[in-house]
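Coordinates as given in structure-v6.txt (compact mmCIF, C-alpha atoms):
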# COMPACT_ATOMS: atom_id res chain seq x y z
CA MET A 12 216.81 101.50 -115.20
CA LYS A 13 214.50 100.75 -118.08
CA SER A 14 213.33 97.22 -118.65
CA THR A 15 210.89 95.43 -120.90
CA VAL A 16 209.60 91.90 -120.47
CA ARG A 17 210.53 90.08 -123.66
CA ARG A 18 208.71 87.02 -124.99
CA ILE A 19 209.62 84.07 -122.80
CA ALA A 20 211.43 81.28 -124.60
CA ALA A 21 209.37 78.36 -125.85
CA PRO A 22 209.02 75.52 -123.31
CA LEU A 23 211.44 73.19 -125.08
CA THR A 24 214.08 75.89 -125.39
CA ALA A 25 213.59 76.82 -121.75
CA LEU A 26 214.15 73.23 -120.65
CA VAL A 27 217.31 72.96 -122.70
CA LEU A 28 218.62 76.17 -121.18
CA ALA A 29 217.60 75.06 -117.71
CA ALA A 30 219.64 71.91 -118.01
CA ALA A 31 222.72 74.04 -118.52
CA LEU A 32 222.10 76.14 -115.41
CA SER A 33 223.43 75.32 -111.98
CA SER A 34 221.04 74.25 -109.27
CA CYS A 35 220.08 76.62 -106.46
CA GLY A 36 222.91 77.61 -104.11
CA GLY A 37 221.91 76.91 -100.59
CA GLY A 38 223.51 73.53 -100.05
CA ASP A 39 226.67 72.73 -98.09
CA ASP A 40 229.83 73.93 -99.81
CA GLY A 41 232.70 71.58 -99.17
CA GLY A 42 235.17 74.31 -100.10
CA SER A 43 233.91 76.63 -97.38
CA ALA A 44 234.27 74.47 -94.27
CA GLY A 45 230.68 73.26 -94.32
CA LYS A 46 229.10 76.70 -94.65
CA LYS A 47 225.75 77.03 -96.33
CA SER A 48 225.83 79.21 -99.41
CA VAL A 49 223.51 81.88 -100.81
CA THR A 50 223.89 82.49 -104.53
CA LEU A 51 222.94 85.95 -105.83
CA TRP A 52 222.32 86.82 -109.47
CA MET A 53 223.04 90.53 -109.78
CA TYR A 54 222.74 92.73 -112.84
CA PRO A 55 224.75 95.86 -113.74
CA VAL A 56 222.73 98.37 -111.74
CA ILE A 57 226.07 100.10 -111.14
CA ALA A 58 227.26 100.98 -114.64
CA ASP A 59 230.88 101.66 -113.71
CA GLN A 60 232.55 98.26 -113.46
CA ALA A 61 235.20 99.29 -110.93
CA ALA A 62 232.59 100.91 -108.69
CA SER A 63 230.36 97.85 -109.04
CA ASP A 64 233.17 95.47 -108.11
CA ALA A 65 234.09 97.56 -105.05
CA TYR A 66 230.49 97.86 -103.86
CA TRP A 67 229.61 94.16 -104.12
CA LYS A 68 232.94 93.06 -102.65
CA LYS A 69 232.17 95.14 -99.56
CA VAL A 70 228.63 93.70 -99.42
CA GLU A 71 230.07 90.20 -99.54
CA THR A 72 232.67 90.91 -96.87
CA ASP A 73 230.29 92.69 -94.50
CA PHE A 74 227.46 90.17 -94.90
CA GLU A 75 229.70 87.17 -94.29
CA ALA A 76 231.26 88.90 -91.27
CA ALA A 77 227.77 89.37 -89.79
CA ASN A 78 226.64 85.85 -90.80
CA SER A 79 229.59 83.55 -90.23
CA GLY A 80 227.71 80.43 -91.29
CA ILE A 81 226.84 81.71 -94.78
CA ASP A 82 228.99 81.92 -97.90
CA LEU A 83 227.62 84.60 -100.27
CA LYS A 84 228.27 83.73 -103.90
CA LEU A 85 227.80 86.66 -106.25
CA GLU A 86 227.24 85.82 -109.92
CA ASN A 87 227.21 88.89 -112.19
CA GLN A 88 224.65 88.60 -114.98
CA PRO A 89 224.14 90.69 -118.13
CA TRP A 90 220.90 92.46 -118.96
CA LYS A 91 220.90 90.80 -122.38
CA GLY A 92 219.00 87.53 -122.34
CA ARG A 93 217.89 88.05 -118.76
CA GLU A 94 214.25 87.05 -119.24
CA GLU A 95 215.08 83.87 -121.12
CA LYS A 96 217.70 82.75 -118.59
CA VAL A 97 215.49 83.42 -115.57
CA ALA A 98 212.52 81.66 -117.19
CA ALA A 99 214.70 78.67 -118.04
CA ALA A 100 216.11 78.45 -114.51
CA PHE A 101 212.72 78.61 -112.84
CA SER A 102 211.09 76.17 -115.25
CA GLY A 103 213.68 73.58 -114.21
CA GLY A 104 213.40 74.30 -110.49
CA LYS A 105 216.93 75.69 -110.53
CA GLY A 106 218.67 79.07 -110.52
CA PRO A 107 220.03 81.28 -107.74
CA ASP A 108 218.72 81.66 -104.22
CA VAL A 109 218.30 85.44 -104.67
CA LEU A 110 218.02 87.64 -107.75
CA LEU A 111 216.97 91.10 -108.81
CA MET A 112 213.51 91.78 -110.28
CA ILE A 113 211.28 94.77 -110.99
CA PRO A 114 207.49 94.97 -110.55
CA ASP A 115 206.40 93.92 -114.02
CA GLN A 116 208.46 90.72 -113.85
CA ILE A 117 207.23 89.43 -110.51
CA PRO A 118 203.55 88.49 -111.14
CA GLN A 119 204.29 85.86 -113.78
CA TYR A 120 206.70 84.07 -111.45
CA VAL A 121 204.30 84.33 -108.53
CA LYS A 122 201.67 82.70 -110.73
CA SER A 123 204.05 79.83 -111.57
CA GLY A 124 204.98 79.34 -107.90
CA SER A 125 208.63 80.26 -108.48
CA LEU A 126 208.95 82.97 -105.81
CA GLU A 127 208.92 82.77 -102.02
CA PRO A 128 206.92 85.45 -100.15
CA VAL A 129 209.15 87.69 -98.00
CA ASP A 130 206.57 89.48 -95.87
CA ASP A 131 208.37 88.34 -92.72
CA VAL A 132 211.48 90.24 -93.84
CA VAL A 133 209.95 93.36 -95.35
CA THR A 134 206.74 94.12 -93.45
CA PRO A 135 208.38 94.98 -90.09
CA GLU A 136 210.25 97.83 -91.84
CA LYS A 137 207.56 98.92 -94.29
CA ASP A 138 207.14 102.36 -92.69
CA LYS A 139 210.76 103.17 -93.50
CA PHE A 140 210.24 102.95 -97.27
CA LEU A 141 208.94 105.29 -99.96
CA PRO A 142 205.21 105.03 -100.79
CA ALA A 143 205.64 103.05 -104.03
CA ALA A 144 208.53 100.81 -102.97
CA ILE A 145 206.84 97.90 -101.20
CA PRO A 146 203.47 98.05 -103.02
CA GLY A 147 205.38 97.75 -106.28
CA LEU A 148 206.83 94.42 -105.14
CA THR A 149 203.54 93.10 -103.77
CA VAL A 150 201.19 90.66 -105.55
CA GLU A 151 197.75 89.75 -104.21
CA GLY A 152 198.56 91.09 -100.77
CA LYS A 153 201.89 89.29 -100.35
CA VAL A 154 205.33 90.90 -100.59
CA TYR A 155 207.78 89.15 -102.91
CA GLY A 156 210.68 91.60 -103.08
CA ALA A 157 212.94 93.58 -100.76
CA PRO A 158 213.48 97.07 -102.28
CA ILE A 159 217.13 98.03 -102.86
CA TYR A 160 216.82 101.00 -105.24
CA HIS A 161 214.15 103.24 -106.74
CA THR A 162 213.81 104.94 -110.12
CA VAL A 163 211.88 108.14 -110.73
CA THR A 164 210.61 110.21 -113.66
CA THR A 165 209.41 113.78 -113.77
CA THR A 166 209.01 116.80 -116.06
CA MET A 167 211.97 118.49 -117.70
CA TYR A 168 211.89 121.80 -119.57
CA ASN A 169 214.06 123.64 -122.07
CA LYS A 170 214.15 127.16 -120.64
CA THR A 171 215.44 128.65 -123.89
CA VAL A 172 212.43 127.33 -125.82
CA LEU A 173 209.98 128.59 -123.21
CA THR A 174 211.60 132.03 -123.17
CA LYS A 175 211.46 132.35 -126.96
CA ALA A 176 207.73 131.60 -126.75
CA GLY A 177 207.24 134.24 -124.04
CA ILE A 178 206.42 131.69 -121.33
CA SER A 179 207.92 132.56 -117.96
CA LYS A 180 206.32 129.81 -115.87
CA PRO A 181 206.81 126.21 -117.07
CA PRO A 182 203.50 124.38 -117.61
CA GLU A 183 202.77 122.11 -114.63
CA THR A 184 199.18 121.06 -115.31
CA TRP A 185 197.20 119.81 -118.28
CA ASP A 186 195.40 123.14 -118.53
CA GLU A 187 198.70 125.04 -118.53
CA ILE A 188 200.03 122.79 -121.30
CA LYS A 189 196.93 123.52 -123.40
CA ALA A 190 197.42 127.24 -122.83
CA ALA A 191 201.12 127.13 -123.70
CA ALA A 192 200.74 125.10 -126.91
CA PRO A 193 199.58 127.93 -129.25
CA LYS A 194 202.38 130.23 -128.02
CA LEU A 195 205.00 127.59 -128.58
CA LYS A 196 203.64 126.75 -132.04
CA ALA A 197 203.75 130.40 -133.03
CA ALA A 198 207.41 130.49 -131.96
CA GLY A 199 208.18 127.41 -134.08
CA PHE A 200 208.34 124.77 -131.34
CA SER A 201 206.38 121.72 -130.25
CA THR A 202 205.11 121.56 -126.67
CA LEU A 203 205.36 118.00 -125.38
CA ASP A 204 207.77 115.17 -126.07
CA TYR A 205 205.94 111.85 -126.49
CA SER A 206 206.99 108.33 -127.49
CA ALA A 207 204.18 106.56 -129.34
CA SER A 208 206.15 103.70 -130.87
CA PRO A 209 204.65 100.29 -130.06
CA GLU A 210 208.07 99.33 -128.69
CA ALA A 211 207.97 102.13 -126.09
CA THR A 212 206.62 101.18 -122.66
CA LEU A 213 203.31 102.81 -121.77
CA ASN A 214 204.69 103.35 -118.27
CA LEU A 215 206.64 106.21 -119.81
CA ASN A 216 203.96 107.73 -122.02
CA PHE A 217 200.22 106.99 -121.80
CA TYR A 218 199.89 105.41 -118.37
CA PRO A 219 201.05 108.50 -116.43
CA LEU A 220 198.34 110.49 -118.23
CA LEU A 221 195.80 107.81 -117.34
CA TRP A 222 196.81 107.94 -113.67
CA GLN A 223 196.78 111.74 -113.68
CA ALA A 224 193.20 111.59 -114.96
CA GLY A 225 192.33 109.42 -111.95
CA GLY A 226 192.19 106.15 -113.89
CA LYS A 227 193.77 102.72 -113.69
CA VAL A 228 194.89 100.12 -116.20
CA PHE A 229 193.28 97.18 -114.38
CA ALA A 230 190.17 96.71 -112.29
CA ASP A 231 190.90 96.20 -108.60
CA ASP A 232 190.69 92.41 -108.89
CA GLY A 233 193.08 92.34 -111.88
CA LYS A 234 190.65 90.17 -113.87
CA SER A 235 189.64 92.89 -116.33
CA VAL A 236 190.87 96.28 -117.52
CA SER A 237 189.43 99.68 -116.72
CA PHE A 238 191.43 101.98 -119.03
CA ASN A 239 188.42 102.39 -121.34
CA GLN A 240 186.39 104.12 -118.64
CA ALA A 241 185.95 107.90 -118.32
CA PRO A 242 189.48 108.73 -117.05
CA GLY A 243 191.05 106.78 -119.93
CA LEU A 244 188.90 108.64 -122.43
CA GLU A 245 189.88 111.95 -120.85
CA ALA A 246 193.59 111.07 -121.04
CA LEU A 247 193.48 109.89 -124.66
CA THR A 248 191.35 112.88 -125.71
CA PHE A 249 193.91 115.21 -124.11
CA LEU A 250 196.71 113.46 -125.99
CA LYS A 251 194.80 113.54 -129.27
CA SER A 252 194.06 117.27 -128.91
CA LEU A 253 197.75 118.03 -128.49
CA TRP A 254 198.56 115.86 -131.49
CA ASP A 255 195.96 117.59 -133.69
CA GLU A 256 197.32 121.01 -132.70
CA GLY A 257 200.86 120.04 -133.65
CA ALA A 258 201.95 120.29 -130.01
CA ILE A 259 203.53 116.80 -130.23
CA PRO A 260 206.18 116.10 -132.89
CA LYS A 261 204.94 113.85 -135.70
CA THR A 262 208.06 111.73 -135.21
CA ALA A 263 206.41 110.50 -131.99
CA LEU A 264 204.82 107.64 -133.95
CA THR A 265 208.19 105.93 -134.27
CA ALA A 266 209.94 107.40 -131.25
CA GLY A 267 211.12 105.22 -128.38
CA ASN A 268 211.99 106.38 -124.87
CA VAL A 269 215.40 107.77 -125.89
CA VAL A 270 216.19 111.46 -125.49
CA ALA A 271 219.55 111.87 -127.23
CA ASP A 272 218.39 112.02 -130.86
CA SER A 273 214.80 113.07 -130.22
CA PRO A 274 213.31 116.44 -131.17
CA PHE A 275 213.29 117.26 -127.46
CA GLY A 276 216.97 116.43 -127.14
CA LYS A 277 217.70 118.58 -130.17
CA GLY A 278 215.98 121.61 -128.61
CA GLN A 279 212.84 121.58 -130.77
CA VAL A 280 210.33 120.76 -128.00
CA ALA A 281 209.60 122.65 -124.79
CA MET A 282 209.10 119.83 -122.31
CA ALA A 283 209.12 116.12 -121.55
CA MET A 284 206.94 114.51 -118.91
CA THR A 285 208.80 111.30 -118.00
CA SER A 286 212.47 112.26 -117.88
CA VAL A 287 215.06 110.45 -115.76
CA PRO A 288 218.28 111.86 -114.26
CA ALA A 289 220.36 110.43 -117.10
CA ASP A 290 218.22 112.40 -119.58
CA ALA A 291 218.98 115.61 -117.71
CA ALA A 292 222.70 114.91 -117.92
CA THR A 293 222.37 114.21 -121.67
CA VAL A 294 220.53 117.40 -122.61
CA ALA A 295 222.69 119.54 -120.33
CA LYS A 296 225.60 118.77 -122.66
CA THR A 297 223.56 119.96 -125.66
CA TRP A 298 221.58 122.86 -124.26
CA GLY A 299 223.89 123.92 -121.45
CA ALA A 300 223.01 123.14 -117.83
CA ALA A 301 221.55 126.63 -117.28
CA ASN A 302 218.81 125.89 -119.82
CA VAL A 303 217.62 122.69 -118.12
CA GLU A 304 214.81 122.97 -115.61
CA ILE A 305 213.45 120.03 -113.62
CA GLY A 306 209.86 120.21 -112.41
CA THR A 307 207.43 117.98 -110.54
CA PRO A 308 205.19 115.36 -112.22
CA LEU A 309 202.26 116.76 -114.18
CA THR A 310 198.88 117.36 -112.60
CA GLY A 311 195.57 116.46 -114.19
CA LYS A 312 192.94 115.54 -111.62
CA LYS A 313 195.86 114.05 -109.67
CA GLN A 314 199.59 114.66 -109.54
CA VAL A 315 201.31 111.41 -110.49
CA GLY A 316 204.60 110.28 -112.00
CA PHE A 317 206.20 106.94 -112.76
CA GLY A 318 208.96 105.35 -110.73
CA LEU A 319 209.59 101.81 -109.64
CA PRO A 320 211.62 99.85 -107.11
CA GLY A 321 214.16 97.20 -107.91
CA GLY A 322 213.84 94.36 -105.43
CA LEU A 323 215.63 91.21 -104.39
CA VAL A 324 213.41 88.13 -104.63
CA VAL A 325 213.87 84.63 -103.20
CA ASN A 326 213.66 81.53 -105.37
CA ALA A 327 210.98 79.20 -103.99
CA ALA A 328 213.25 76.27 -104.89
CA SER A 329 216.10 77.56 -102.73
CA GLU A 330 217.63 75.05 -100.32
CA ASN A 331 218.62 77.88 -97.99
CA THR A 332 215.58 80.11 -97.67
CA ASP A 333 216.61 81.27 -94.19
CA GLY A 334 220.01 82.38 -95.46
CA ALA A 335 218.47 84.07 -98.49
CA LYS A 336 216.11 86.05 -96.26
CA LYS A 337 218.99 87.04 -93.99
CA PHE A 338 220.69 88.50 -97.04
CA LEU A 339 217.54 90.45 -97.99
CA SER A 340 217.33 91.85 -94.47
CA PHE A 341 220.99 92.86 -94.64
CA MET A 342 220.58 94.58 -98.01
CA MET A 343 217.55 96.60 -96.87
CA GLN A 344 219.56 98.48 -94.24
CA PRO A 345 220.61 102.14 -94.77
CA ALA A 346 224.35 101.44 -94.97
CA GLN A 347 223.92 99.18 -98.00
CA LEU A 348 221.21 101.22 -99.70
CA ASP A 349 222.85 104.62 -99.27
CA ALA A 350 226.09 103.25 -100.71
CA LEU A 351 224.24 101.61 -103.61
CA SER A 352 222.43 104.85 -104.37
CA LYS A 353 225.70 106.77 -104.44
CA ALA A 354 227.39 104.22 -106.69
CA SER A 355 224.50 103.61 -109.09
CA GLY A 356 222.84 107.01 -109.43
CA PHE A 357 219.47 105.48 -108.56
CA TYR A 358 217.66 106.59 -105.43
CA SER A 359 217.41 104.77 -102.15
CA PRO A 360 213.94 103.24 -101.62
CA ARG A 361 214.06 104.25 -97.97
CA ASN A 362 212.50 107.47 -96.75
CA ASP A 363 215.26 107.87 -94.16
CA ALA A 364 218.05 107.80 -96.78
CA LYS A 365 220.95 110.21 -96.64
CA SER A 366 220.98 112.71 -99.49
CA GLU A 367 224.63 113.46 -100.18
CA SER A 368 224.27 115.02 -103.63
CA THR A 369 224.65 118.77 -103.92
CA ASP A 370 223.39 118.72 -107.53
CA PRO A 371 220.15 120.79 -107.62
CA MET A 372 218.79 118.69 -110.52
CA ALA A 373 219.30 115.50 -108.50
CA ALA A 374 217.44 117.10 -105.60
CA LYS A 375 214.48 117.92 -107.87
CA PHE A 376 214.28 114.32 -109.06
CA HIS A 377 214.41 113.19 -105.45
CA ASP A 378 211.47 115.47 -104.64
CA ALA A 379 209.43 113.71 -107.36
CA LEU A 380 209.72 110.34 -105.61
CA GLN A 381 206.72 111.15 -103.42
CA TYR A 382 204.48 111.13 -106.51
CA ALA A 383 205.86 107.94 -108.06
CA VAL A 384 203.56 105.08 -109.07
CA PRO A 385 205.32 101.77 -109.86
CA GLY A 386 202.98 100.73 -112.63
CA GLU A 387 200.26 98.12 -112.27
CA PRO A 388 201.80 94.64 -112.10
CA ASN A 389 199.84 91.85 -113.75
CA PRO A 390 201.02 88.64 -115.46
CA ALA A 391 199.52 89.94 -118.72
CA ALA A 392 200.67 93.55 -118.35
CA ARG A 393 203.13 93.57 -121.25
CA GLN A 394 200.78 91.85 -123.67
CA ILE A 395 198.05 94.33 -122.81
CA MET A 396 200.44 97.20 -123.42
CA SER A 397 200.90 95.97 -126.97
CA PHE A 398 197.13 95.96 -127.58
CA LEU A 399 196.72 99.48 -126.23
CA SER A 400 199.80 100.92 -127.97
CA THR A 401 198.44 99.84 -131.36
CA GLU A 402 195.06 101.44 -130.65
CA ILE A 403 196.64 104.70 -129.44
CA GLN A 404 198.51 104.89 -132.75
CA ALA A 405 195.20 104.40 -134.55
CA VAL A 406 193.79 107.41 -132.70
CA LEU A 407 196.78 109.65 -133.40
CA THR A 408 196.70 108.80 -137.11
CA GLY A 409 192.96 109.49 -137.31
CA LYS A 410 191.87 105.92 -138.01
CA LYS A 411 189.77 105.61 -134.84
CA GLN A 412 188.05 107.81 -132.29
CA PRO A 413 189.41 107.61 -128.71
CA GLN A 414 186.51 105.69 -127.17
CA GLN A 415 186.38 103.15 -130.00
CA ALA A 416 190.12 102.55 -129.72
CA LEU A 417 190.00 102.11 -125.95
CA ASP A 418 187.05 99.73 -126.21
CA ASP A 419 188.78 97.68 -128.90
CA ALA A 420 191.93 97.39 -126.79
CA ALA A 421 189.86 96.52 -123.73
CA LYS A 422 188.06 93.73 -125.60
CA GLN A 423 191.38 92.14 -126.59
CA ALA A 424 192.75 92.60 -123.07
CA ASN A 425 189.71 91.13 -121.34
CA ASP A 426 189.68 88.15 -123.70
CA LEU A 427 193.30 87.48 -122.77
CA LEU A 428 192.67 87.88 -119.05
CA SER A 429 189.64 85.55 -119.18
CA ARG A 430 191.81 82.81 -120.69
CA GLN A 431 194.38 83.14 -117.89
CA ARG A 432 191.97 82.67 -114.99
Exercise: express the given structure as structure tokens:
Amino acid sequence: MKSTVRRIAAPLTALVLAAALSSCGGGDDGGSAGKKSVTLWMYPVIADQAASDAYWKKVETDFEAANSGIDLKLENQPWKGREEKVAAAFSGGKGPDVLLMIPDQIPQYVKSGSLEPVDDVVTPEKDKFLPAAIPGLTVEGKVYGAPIYHTVTTTMYNKTVLTKAGISKPPETWDEIKAAAPKLKAAGFSTLDYSASPEATLNLNFYPLLWQAGGKVFADDGKSVSFNQAPGLEALTFLKSLWDEGAIPKTALTAGNVVADSPFGKGQVAMAMTSVPADAATVAKTWGAANVEIGTPLTGKKQVGFGLPGGLVVNAASENTDGAKKFLSFMMQPAQLDALSKASGFYSPRNDAKSESTDPMAAKFHDALQYAVPGEPNPAARQIMSFLSTEIQAVLTGKKQPQQALDDAAKQANDLLSRQR
């Protein structure tokens, strides 16, 4: 699942929307023999509607059977308008008892006091989850989400392109990419797919390079940025060198994170570094499955990829916090998560999950989970991305040198962070 945090509606609009939203579930429900209810806002993480209906109906039935005093009320929500509706609900102290969030959404609602910590639910089972799952749903040392699925990205190669360039071993490190680039150019191909559009999330382009160089977006205290330090310079210099050599398609300046109509999808580029399972299925139809090779995340100084958990959070305004937490505990168990993984195509966030797929490409993506970093959550993360994206474009187009661009983005970012303290 890909998600971007859109601009939150203006306060007046949010209040108007909030007035139209129902209050938190949690109270007595006269139609359910005095049971207390738990209202869940769920989004279409299972794309197939019939499969989604069947999965959540079973969740409802099984949870209520195990918790006879609770009526689970599932309200399906669309992705479209999600940020505005959630912001409106929380601003009015309303909304569901439980809803789905990803790491870059959580900090802003922690800051506003809208989310209830769930350490008491999650921490006792923390050793049963993948390395990035619980940290990705943690803010300032407190856990705010119960992981229910995990995404992952990794490298993907076009074997036909590599073969035509005389490359038998797919590049797995920065040095190997540099060595492969002249051979691929001579054969008429670009080396690396990259999405440099300001609309593209840096979690799927520059940030993995930054992490592979050993760097971070934010300082440890989250009050300033650190991407303009030596690792950031190394990452942006590496990117710029590939751009100058023609190893990255010039269309990257306007490219988003979509494979279908990209030069890579059309067989003009040797590799992509942040592919998802759906991308593999897409290019297999164009290239033929035999020409698709899935690798592990790239290695610079470190081997790192991007992947994040989706987690259930509890509304701090809920009138049935105990019931909401019981639902989180229920959803974290293997039976629910294995079934969700099978129905959705996402991976279970647990490290004791069953792996039922016999698809070798799916197995390769699963292997990449151990290297996944869930991004660096911060209330200002998306705004800071916009500063840095603009400066990276300035470097690629030759308007600025890498260090100047990083310093300029850092100045804007630190000014913003200083105003939010």
Within 12 Å of file point (205.6, 93.7, -122.1), counting all atoms listed in the file, expressed as a PyMOL selection string: chain A and resi 14-19+94+114-116+119+209-214+388-400
Could the residues in this selection be written to a file with C-alpha atoms, as a PDB file, keeping the file's coordinate frame?
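Below you can see selection05.pdb, which holds the result:
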ATOM      1  CA  SER A  14     213.330  97.220-118.650  1.00  0.00           C
ATOM      2  CA  THR A  15     210.890  95.430-120.900  1.00  0.00           C
ATOM      3  CA  VAL A  16     209.600  91.900-120.470  1.00  0.00           C
ATOM      4  CA  ARG A  17     210.530  90.080-123.660  1.00  0.00           C
ATOM      5  CA  ARG A  18     208.710  87.020-124.990  1.00  0.00           C
ATOM      6  CA  ILE A  19     209.620  84.070-122.800  1.00  0.00           C
ATOM      7  CA  GLU A  94     214.250  87.050-119.240  1.00  0.00           C
ATOM      8  CA  PRO A 114     207.490  94.970-110.550  1.00  0.00           C
ATOM      9  CA  ASP A 115     206.400  93.920-114.020  1.00  0.00           C
ATOM     10  CA  GLN A 116     208.460  90.720-113.850  1.00  0.00           C
ATOM     11  CA  GLN A 119     204.290  85.860-113.780  1.00  0.00           C
ATOM     12  CA  PRO A 209     204.650 100.290-130.060  1.00  0.00           C
ATOM     13  CA  GLU A 210     208.070  99.330-128.690  1.00  0.00           C
ATOM     14  CA  ALA A 211     207.970 102.130-126.090  1.00  0.00           C
ATOM     15  CA  THR A 212     206.620 101.180-122.660  1.00  0.00           C
ATOM     16  CA  LEU A 213     203.310 102.810-121.770  1.00  0.00           C
ATOM     17  CA  ASN A 214     204.690 103.350-118.270  1.00  0.00           C
ATOM     18  CA  PRO A 388     201.800  94.640-112.100  1.00  0.00           C
ATOM     19  CA  ASN A 389     199.840  91.850-113.750  1.00  0.00           C
ATOM     20  CA  PRO A 390     201.020  88.640-115.460  1.00  0.00           C
ATOM     21  CA  ALA A 391     199.520  89.940-118.720  1.00  0.00           C
ATOM     22  CA  ALA A 392     200.670  93.550-118.350  1.00  0.00           C
ATOM     23  CA  ARG A 393     203.130  93.570-121.250  1.00  0.00           C
ATOM     24  CA  GLN A 394     200.780  91.850-123.670  1.00  0.00           C
ATOM     25  CA  ILE A 395     198.050  94.330-122.810  1.00  0.00           C
ATOM     26  CA  MET A 396     200.440  97.200-123.420  1.00  0.00           C
ATOM     27  CA  SER A 397     200.900  95.970-126.970  1.00  0.00           C
ATOM     28  CA  PHE A 398     197.130  95.960-127.580  1.00  0.00           C
ATOM     29  CA  LEU A 399     196.720  99.480-126.230  1.00  0.00           C
ATOM     30  CA  SER A 400     199.800 100.920-127.970  1.00  0.00           C
TER      31      SER A 400
END
My list of candidates is A:Gly278, A:Gly233, A:Pro193, A:Gly321. Which is closest to A:Val163 when distances are computed with all atoms listed in the file? A:Gly321
Residue list as a tab-separated table (two decimals) with C-alpha atoms, in the frame of the given file for point (206.4, 90.0, -94.2), cut-off 12 Å, all atoms listed in the file:
chain	number	residue	atom	x	y	z
A	127	GLU	CA	208.92	82.77	-102.02
A	128	PRO	CA	206.92	85.45	-100.15
A	129	VAL	CA	209.15	87.69	-98.00
A	130	ASP	CA	206.57	89.48	-95.87
A	131	ASP	CA	208.37	88.34	-92.72
A	132	VAL	CA	211.48	90.24	-93.84
A	133	VAL	CA	209.95	93.36	-95.35
A	134	THR	CA	206.74	94.12	-93.45
A	135	PRO	CA	208.38	94.98	-90.09
A	136	GLU	CA	210.25	97.83	-91.84
A	137	LYS	CA	207.56	98.92	-94.29
A	145	ILE	CA	206.84	97.90	-101.20
A	148	LEU	CA	206.83	94.42	-105.14
A	149	THR	CA	203.54	93.10	-103.77
A	152	GLY	CA	198.56	91.09	-100.77
A	153	LYS	CA	201.89	89.29	-100.35
A	154	VAL	CA	205.33	90.90	-100.59
A	155	TYR	CA	207.78	89.15	-102.91
A	156	GLY	CA	210.68	91.60	-103.08
A	157	ALA	CA	212.94	93.58	-100.76
A	336	LYS	CA	216.11	86.05	-96.26
A	339	LEU	CA	217.54	90.45	-97.99
A	340	SER	CA	217.33	91.85	-94.47
Show me, as a list in words, the residues that have an atom within 7 Å of A:Asn302 when counting only C-alpha atoms, minus same-chain residues fewer than 3 positions from it.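 That gives Asn169, Lys170, Thr171, Trp298 and Gly299 of chain A.
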Taking C-alpha atoms for each residue, export the selection above as a PDB file, in the frame of the given file.
ATOM      1  CA  ASN A 169     214.060 123.640-122.070  1.00  0.00           C
ATOM      2  CA  LYS A 170     214.150 127.160-120.640  1.00  0.00           C
ATOM      3  CA  THR A 171     215.440 128.650-123.890  1.00  0.00           C
ATOM      4  CA  TRP A 298     221.580 122.860-124.260  1.00  0.00           C
ATOM      5  CA  GLY A 299     223.890 123.920-121.450  1.00  0.00           C
TER       6      GLY A 299
END
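Using all atoms listed in the file, the shortest contact distance between A:Ile113 and any of A:Val150, A:Leu407, A:Leu319, A:Leu221 is found at A:Leu319.
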Just how far from atom CA of A:Ala77 is atom CA of A:Val324, in Å to one decimal?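 It comes out at 20.7 Å.
The coordinates place atom CA of A:Ala328 at 12.3 Å from atom CA of A:Thr50.
Among A:Leu417, A:Leu203, A:Ile259, A:Leu141, the residue with the shortest atom-to-atom distance to A:Pro182, counting only C-alpha atoms, is A:Leu203.
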In terms of only C-alpha atoms, the residue from A:Trp222, A:Trp185, A:Phe338, A:Tyr160 at minimal distance from A:Phe249 is A:Trp185
Which residue is closest to A:Lys227? Choose from A:Asn87, A:Gly386, A:Ser359, A:Val49 and count only C-alpha atoms. A:Gly386
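The space separating atom CA of A:Gly306 from atom CA of A:Arg361 comes to 21.9 Å.
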A:Ala364, A:Ala271, A:Ala190, A:Ile403 ranked by distance to A:Leu351, top pick (using all atoms listed in the file): A:Ala364
Contact residues around A:Phe74 with all atoms listed in the file at 10 Å, ignoring same-chain residues under 3 positions, as a PDB file with C-alpha atoms, in the coordinates of the input:
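As written to disk, result_6.pdb reads:
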ATOM      1  CA  LYS A  68     232.940  93.060-102.650  1.00  0.00           C
ATOM      2  CA  LYS A  69     232.170  95.140 -99.560  1.00  0.00           C
ATOM      3  CA  VAL A  70     228.630  93.700 -99.420  1.00  0.00           C
ATOM      4  CA  GLU A  71     230.070  90.200 -99.540  1.00  0.00           C
ATOM      5  CA  ALA A  77     227.770  89.370 -89.790  1.00  0.00           C
ATOM      6  CA  ASN A  78     226.640  85.850 -90.800  1.00  0.00           C
ATOM      7  CA  SER A  79     229.590  83.550 -90.230  1.00  0.00           C
ATOM      8  CA  ILE A  81     226.840  81.710 -94.780  1.00  0.00           C
ATOM      9  CA  ASP A  82     228.990  81.920 -97.900  1.00  0.00           C
ATOM     10  CA  LEU A  83     227.620  84.600-100.270  1.00  0.00           C
ATOM     11  CA  LYS A 337     218.990  87.040 -93.990  1.00  0.00           C
ATOM     12  CA  PHE A 338     220.690  88.500 -97.040  1.00  0.00           C
ATOM     13  CA  PHE A 341     220.990  92.860 -94.640  1.00  0.00           C
ATOM     14  CA  MET A 342     220.580  94.580 -98.010  1.00  0.00           C
TER      15      MET A 342
END
